[in-house]
file work_25.csv (CSV, C-alpha atoms)
chain,number,residue,atom,x,y,z
A,21,ALA,CA,309.1,33.9,69.4
A,22,GLN,CA,309.1,37.3,70.9
A,23,SER,CA,305.9,38.7,72.3
A,24,VAL,CA,304.6,41.5,74.5
A,25,THR,CA,301.6,41.3,76.8
A,26,GLN,CA,299.8,44.3,78.3
A,27,PRO,CA,297.4,42.8,80.8
A,28,ASP,CA,295.2,45.8,81.3
A,29,ILE,CA,293.0,46.9,78.4
A,30,HIS,CA,291.7,50.0,80.1
A,31,ILE,CA,292.7,51.9,83.2
A,32,THR,CA,291.0,54.9,84.8
A,33,VAL,CA,293.1,57.1,87.1
A,34,SER,CA,292.1,60.2,89.0
A,35,GLU,CA,294.0,63.4,88.0
A,36,GLY,CA,297.0,63.8,90.3
A,37,ALA,CA,297.1,60.1,91.3
A,38,SER,CA,300.0,57.8,90.4
A,39,LEU,CA,300.0,55.5,87.4
A,40,GLU,CA,301.5,52.2,86.6
A,41,LEU,CA,300.9,50.4,83.3
A,42,ARG,CA,302.1,46.8,83.1
A,43,CYS,CA,304.1,45.2,80.3
A,44,ASN,CA,305.5,41.7,80.1
A,45,TYR,CA,307.7,40.4,77.3
A,46,SER,CA,308.9,37.1,76.0
A,47,TYR,CA,312.4,37.3,74.6
A,48,GLY,CA,315.4,35.0,74.8
A,49,ALA,CA,318.2,37.5,75.0
A,50,THR,CA,318.6,41.0,76.4
A,51,PRO,CA,315.6,42.8,75.1
A,52,TYR,CA,315.3,46.3,73.6
A,53,LEU,CA,312.2,47.7,75.1
A,54,PHE,CA,310.1,50.7,74.3
A,55,TRP,CA,307.0,52.6,75.4
A,56,TYR,CA,305.0,54.6,72.9
A,57,VAL,CA,301.9,56.8,73.4
A,58,GLN,CA,299.2,57.4,70.8
A,59,SER,CA,296.7,60.2,71.2
A,60,PRO,CA,293.7,60.5,68.9
A,61,GLY,CA,294.7,61.7,65.5
A,62,GLN,CA,298.3,61.7,66.4
A,63,GLY,CA,301.2,59.4,65.5
A,64,LEU,CA,302.9,57.1,68.0
A,65,GLN,CA,305.3,59.1,70.1
A,66,LEU,CA,308.2,57.5,71.9
A,67,LEU,CA,308.1,58.0,75.7
A,68,LEU,CA,311.3,56.1,76.6
A,69,LYS,CA,313.4,53.1,75.7
A,70,TYR,CA,315.7,50.6,77.4
A,71,PHE,CA,318.7,48.9,76.0
A,72,SER,CA,321.2,48.2,78.8
A,73,GLY,CA,322.6,49.7,81.9
A,74,ASP,CA,320.5,51.3,84.6
A,75,THR,CA,317.2,49.4,84.9
A,76,LEU,CA,315.3,52.6,85.7
A,77,VAL,CA,314.8,54.6,82.6
A,78,GLN,CA,313.5,58.2,82.5
A,79,GLY,CA,311.5,59.5,79.6
A,80,ILE,CA,309.6,62.5,78.4
A,81,LYS,CA,306.5,64.0,80.1
A,82,GLY,CA,307.5,62.8,83.5
A,83,PHE,CA,307.3,59.1,82.7
A,84,GLU,CA,309.7,56.4,83.9
A,85,ALA,CA,309.9,52.6,83.4
A,86,GLU,CA,311.8,49.9,85.3
A,87,PHE,CA,313.2,46.8,83.6
A,88,LYS,CA,313.0,43.7,85.8
A,89,ARG,CA,314.6,40.7,84.1
A,90,SER,CA,313.5,38.3,86.8
A,91,GLN,CA,309.9,39.2,86.1
A,92,SER,CA,310.2,39.8,82.4
A,93,SER,CA,308.5,43.1,82.9
A,94,PHE,CA,309.0,46.7,81.9
A,95,ASN,CA,306.2,48.7,83.7
A,96,LEU,CA,305.6,52.3,83.0
A,97,ARG,CA,305.0,54.7,85.8
A,98,LYS,CA,304.2,58.3,86.5
A,99,PRO,CA,303.9,59.8,90.0
A,100,SER,CA,301.1,62.3,89.2
A,101,VAL,CA,298.8,62.0,86.2
A,102,HIS,CA,297.5,65.0,84.2
A,103,TRP,CA,294.3,65.0,82.2
A,104,SER,CA,296.4,65.4,79.0
A,105,ASP,CA,297.9,62.0,79.7
A,106,ALA,CA,294.7,60.3,78.6
A,107,ALA,CA,295.7,58.3,75.5
A,108,GLU,CA,296.6,54.7,74.3
A,109,TYR,CA,299.9,53.4,75.6
A,110,PHE,CA,301.9,50.7,73.8
A,111,CYS,CA,304.8,48.6,75.0
A,112,ALA,CA,307.1,47.1,72.4
A,113,VAL,CA,310.2,44.9,72.0
A,114,GLY,CA,312.6,45.0,69.2
A,115,ASN,CA,312.8,41.8,67.2
A,116,GLN,CA,315.9,39.7,67.1
A,117,ALA,CA,316.8,40.7,63.6
A,118,GLY,CA,316.6,44.4,64.6
A,119,THR,CA,314.2,45.1,61.7
A,120,ALA,CA,310.9,45.6,63.5
A,121,LEU,CA,309.1,46.4,66.8
A,122,ILE,CA,306.7,43.9,68.2
A,123,PHE,CA,303.9,45.7,70.0
A,124,GLY,CA,301.5,44.8,72.7
A,125,LYS,CA,297.8,45.4,72.3
A,126,GLY,CA,297.9,48.6,74.2
A,127,THR,CA,296.3,50.0,77.4
A,128,THR,CA,293.8,52.8,77.2
A,129,LEU,CA,294.3,55.4,79.9
A,130,SER,CA,291.4,57.5,81.0
A,131,VAL,CA,291.9,60.3,83.5
A,132,SER,CA,289.0,61.4,85.8
A,133,SER,CA,288.7,64.8,87.4
B,30,GLY,CA,307.6,69.6,58.2
B,31,ALA,CA,310.2,67.7,60.1
B,32,GLY,CA,308.2,64.6,60.8
B,33,VAL,CA,307.0,61.5,58.9
B,34,SER,CA,304.1,62.3,56.6
B,35,GLN,CA,301.6,59.9,55.1
B,36,THR,CA,299.0,60.5,52.4
B,37,PRO,CA,296.1,60.2,52.1
B,38,SER,CA,295.0,60.4,55.7
B,39,ASN,CA,291.8,58.5,54.8
B,40,LYS,CA,291.1,56.2,51.9
B,41,VAL,CA,287.8,54.6,51.2
B,42,THR,CA,287.7,52.0,48.4
B,43,GLU,CA,285.6,49.1,47.2
B,44,LYS,CA,286.4,45.4,47.6
B,45,GLY,CA,288.6,44.3,44.7
B,46,LYS,CA,290.1,47.7,43.9
B,47,TYR,CA,293.8,48.6,44.0
B,48,VAL,CA,295.1,51.2,46.4
B,49,GLU,CA,298.4,53.0,47.0
B,50,LEU,CA,299.5,54.5,50.3
B,51,ARG,CA,302.4,56.9,50.4
B,52,CYS,CA,305.0,57.6,53.1
B,53,ASP,CA,307.5,60.5,53.3
B,54,PRO,CA,310.1,59.7,55.9
B,55,ILE,CA,312.2,62.2,57.9
B,56,SER,CA,314.8,63.6,55.6
B,57,GLY,CA,318.1,61.7,55.8
B,58,HIS,CA,316.5,58.6,57.4
B,59,THR,CA,317.7,55.5,55.6
B,60,ALA,CA,315.4,53.0,57.4
B,61,LEU,CA,311.7,52.9,56.7
B,62,TYR,CA,309.0,50.6,58.2
B,63,TRP,CA,305.4,49.9,57.4
B,64,TYR,CA,303.0,48.6,60.1
B,65,ARG,CA,299.3,47.8,60.1
B,66,GLN,CA,297.0,48.6,63.1
B,67,SER,CA,293.6,47.0,63.3
B,68,LEU,CA,290.9,48.3,65.7
B,69,GLY,CA,291.8,47.5,69.3
B,70,GLN,CA,295.2,46.0,68.4
B,71,GLY,CA,298.8,47.2,68.5
B,72,PRO,CA,300.7,47.9,65.3
B,73,GLU,CA,301.8,44.8,63.4
B,74,PHE,CA,305.0,44.9,61.3
B,75,LEU,CA,304.7,44.6,57.6
B,76,ILE,CA,308.0,45.4,55.9
B,77,TYR,CA,311.3,47.1,56.6
B,78,PHE,CA,313.5,49.0,54.1
B,79,GLN,CA,317.2,49.9,54.5
B,80,GLY,CA,317.8,52.3,51.6
B,81,THR,CA,316.1,51.2,48.5
B,82,GLY,CA,315.9,47.5,49.3
B,83,ALA,CA,313.3,45.6,51.4
B,84,ALA,CA,315.5,44.0,54.0
B,85,ASP,CA,312.7,42.2,55.8
B,86,ASP,CA,309.2,41.7,54.2
B,87,SER,CA,308.3,38.8,56.5
B,88,GLY,CA,305.2,40.7,57.8
B,89,LEU,CA,303.4,41.1,54.5
B,90,PRO,CA,300.3,38.9,54.9
B,91,ASN,CA,300.1,37.7,51.3
B,92,ASP,CA,301.1,38.5,47.7
B,93,ARG,CA,298.4,41.1,47.4
B,94,PHE,CA,300.6,43.5,49.4
B,95,PHE,CA,303.7,45.0,47.9
B,96,ALA,CA,305.9,48.0,48.8
B,97,VAL,CA,308.6,50.0,47.0
B,98,ARG,CA,311.1,52.7,47.8
B,99,PRO,CA,312.8,53.3,44.5
B,100,GLU,CA,315.0,56.2,45.5
B,101,GLY,CA,315.6,55.4,49.1
B,102,SER,CA,313.3,58.1,50.4
B,103,VAL,CA,309.5,58.1,49.7
B,104,SER,CA,307.8,54.7,50.0
B,105,THR,CA,304.6,53.4,48.5
B,106,LEU,CA,302.6,50.5,50.0
B,107,LYS,CA,300.4,48.9,47.3
B,108,ILE,CA,297.5,46.6,47.9
B,109,GLN,CA,295.9,44.7,45.1
B,110,ARG,CA,292.4,43.2,45.0
B,111,THR,CA,291.5,44.8,48.4
B,112,GLU,CA,289.4,42.8,50.8
B,113,ARG,CA,287.3,44.0,53.7
B,114,GLY,CA,289.8,42.5,56.1
B,115,ASP,CA,292.4,44.9,54.8
B,116,SER,CA,290.6,47.8,56.6
B,117,ALA,CA,293.0,49.2,59.2
B,118,VAL,CA,295.3,52.1,59.9
B,119,TYR,CA,298.5,51.8,58.0
B,120,LEU,CA,301.4,53.3,59.8
B,121,CYS,CA,304.8,54.3,58.4
B,122,ALA,CA,307.9,55.0,60.5
B,123,SER,CA,311.4,56.0,59.8
B,124,SER,CA,314.7,55.9,61.7
B,125,SER,CA,318.3,57.0,61.1
B,126,GLY,CA,319.4,53.5,60.2
B,127,LEU,CA,322.6,54.1,62.2
B,128,ALA,CA,322.0,52.4,65.5
B,129,GLY,CA,320.5,49.0,64.5
B,130,ASN,CA,318.3,47.5,67.1
B,131,THR,CA,318.5,50.6,69.2
B,132,ASP,CA,317.3,53.0,66.5
B,133,THR,CA,314.3,55.1,67.5
B,134,GLN,CA,311.4,54.7,65.1
B,135,TYR,CA,309.5,57.9,64.4
B,136,PHE,CA,305.9,57.3,63.3
B,137,GLY,CA,303.6,59.1,60.9
B,138,PRO,CA,299.9,59.8,61.6
B,139,GLY,CA,298.8,56.9,59.5
B,140,THR,CA,296.4,56.3,56.6
B,141,ARG,CA,293.0,54.9,57.6
B,142,LEU,CA,291.9,52.5,54.9
B,143,THR,CA,288.3,51.4,54.7
B,144,VAL,CA,287.3,48.7,52.2
B,145,LEU,CA,283.6,48.6,51.6
call {"tool": "encode", "arguments": {"input": "work_25.csv", "output": "structure tokens"}}
result
Amino acid sequence: AQSVTQPDIHITVSEGASLELRCNYSYGATPYLFWYVQSPGQGLQLLLKYFSGDTLVQGIKGFEAEFKRSQSSFNLRKPSVHWSDAAEYFCAVGNQAGTALIFGKGTTLSVSS
Amino acid sequence: GAGVSQTPSNKVTEKGKYVELRCDPISGHTALYWYRQSLGQGPEFLIYFQGTGAADDSGLPNDRFFAVRPEGSVSTLKIQRTERGDSAVYLCASSSGLAGNTDTQYFGPGTRLTVL
């Protein structure tokens, strides 16, 4: 069965520092991968997605993610974090039937000044 | 508005009562999804509609949960005989329905259900 693991429950990064959030997936075929961000009181917002092609994907708000099939990973990165990036981040994989997303448990990002 | 809307934003009910949660998808989106998010967890899939029909209801936890989308637009999630364990944020999402697995799902702000 498909699954997503986000190993880090909570990460604190200094403003201006770089960020990497880890995501590992379990999936038999080529996965469809997504990163969403959830701010307090807001709905989930799509940051980026990967289906095929270039393994480095650019998203909104300066985020990028790299698909590594050999490591079953899809880590999210940002070169310089802003205080407004503090939020909950979710990695997800599309299920085989194409009817649902399977989410990880999320990583809470705190940004210190 | 142009986004997915959900009403009510908060619902408090007593154990054993019946509740209905409403979702208004983005206009023109044929695909609609319900998820449930418990505290400290990621969203968990409940049900998927393509048009008026439930194409995948494999995520519904038991027969107390039911959802409808009679005209292929607004959807209602219905929970009978609520239990304290049903307390969670219920999220609705919609997508164009045109791109299959690669469709982007747009999420609403959710309904926070508290069962006392």
call {"tool": "closest_residue", "arguments": {"input": "work_25.csv", "among": "A:Ala120, A:Ala106, A:Leu76, A:Val57", "to": "chain B", "atoms": "all atoms listed in the file"}}
result
A:Ala120
call {"tool": "atom_distance", "arguments": {"input": "work_25.csv", "atom1": "CA of Gly48 (chain A)", "atom2": "CA of Gln26 (chain A)"}}
result
18.5 Å
call {"tool": "residues_around", "arguments": {"input": "work_25.csv", "residues": "Leu66 (chain A)", "least_positions_apart": "6", "cutoff": "9 Å", "atoms": "all atoms listed in the file", "output": "list in words"}}
result
Phe54, Trp55, Tyr56, Val57, Gly79 and Ile80 of chain A; Thr133, Gln134, Tyr135 and Phe136 of chain B
call {"tool": "write_last_selection", "arguments": {"input": "work_25.csv", "atoms": "C-alpha atoms", "output": "PDB file, in the frame of the given file"}}
result
ATOM      1  CA  PHE A  54     310.100  50.700  74.300  1.00  0.00           C
ATOM      2  CA  TRP A  55     307.000  52.600  75.400  1.00  0.00           C
ATOM      3  CA  TYR A  56     305.000  54.600  72.900  1.00  0.00           C
ATOM      4  CA  VAL A  57     301.900  56.800  73.400  1.00  0.00           C
ATOM      5  CA  GLY A  79     311.500  59.500  79.600  1.00  0.00           C
ATOM      6  CA  ILE A  80     309.600  62.500  78.400  1.00  0.00           C
TER       7      ILE A  80
ATOM      8  CA  THR B 133     314.300  55.100  67.500  1.00  0.00           C
ATOM      9  CA  GLN B 134     311.400  54.700  65.100  1.00  0.00           C
ATOM     10  CA  TYR B 135     309.500  57.900  64.400  1.00  0.00           C
ATOM     11  CA  PHE B 136     305.900  57.300  63.300  1.00  0.00           C
TER      12      PHE B 136
END
call {"tool": "residues_around", "arguments": {"input": "work_25.csv", "residues": "Val113 (chain A)", "least_positions_apart": "2", "cutoff": "6 Å", "atoms": "all atoms listed in the file", "output": "list in words"}}
result
Tyr52, Leu53, Leu121 and Ile122 of chain A
call {"tool": "atom_distance", "arguments": {"input": "work_25.csv", "atom1": "CA of Leu142 (chain B)", "atom2": "CA of Asp115 (chain B)"}}
result
7.6 Å
call {"tool": "closest_residue", "arguments": {"input": "work_25.csv", "among": "A:Thr32, A:Thr128, A:Ser46, A:Ser93", "to": "Gln58 (chain A)", "atoms": "only C-alpha atoms"}}
result
A:Thr128
call {"tool": "residues_around", "arguments": {"input": "work_25.csv", "residues": "region 71-86 of chain B", "least_positions_apart": "5", "cutoff": "10 Å", "atoms": "all atoms listed in the file", "output": "ChimeraX atom specification"}}
result
/A:64,108-112,117-127 /B:58-66,94-104,106,117-126
call {"tool": "closest_residue", "arguments": {"input": "work_25.csv", "among": "B:Ser34, B:Ser56, B:Thr111, B:Ser116", "to": "Arg141 (chain B)", "atoms": "all atoms listed in the file"}}
result
B:Ser116
call {"tool": "closest_residue", "arguments": {"input": "work_25.csv", "among": "A:Gln78, A:Ser59, A:Gln22, A:Ser130", "to": "Lys98 (chain A)", "atoms": "all atoms listed in the file"}}
result
A:Gln78
call {"tool": "closest_residue", "arguments": {"input": "work_25.csv", "among": "A:His30, A:Arg42, A:His102, A:Lys88", "to": "chain B", "atoms": "all atoms listed in the file"}}
result
A:His30
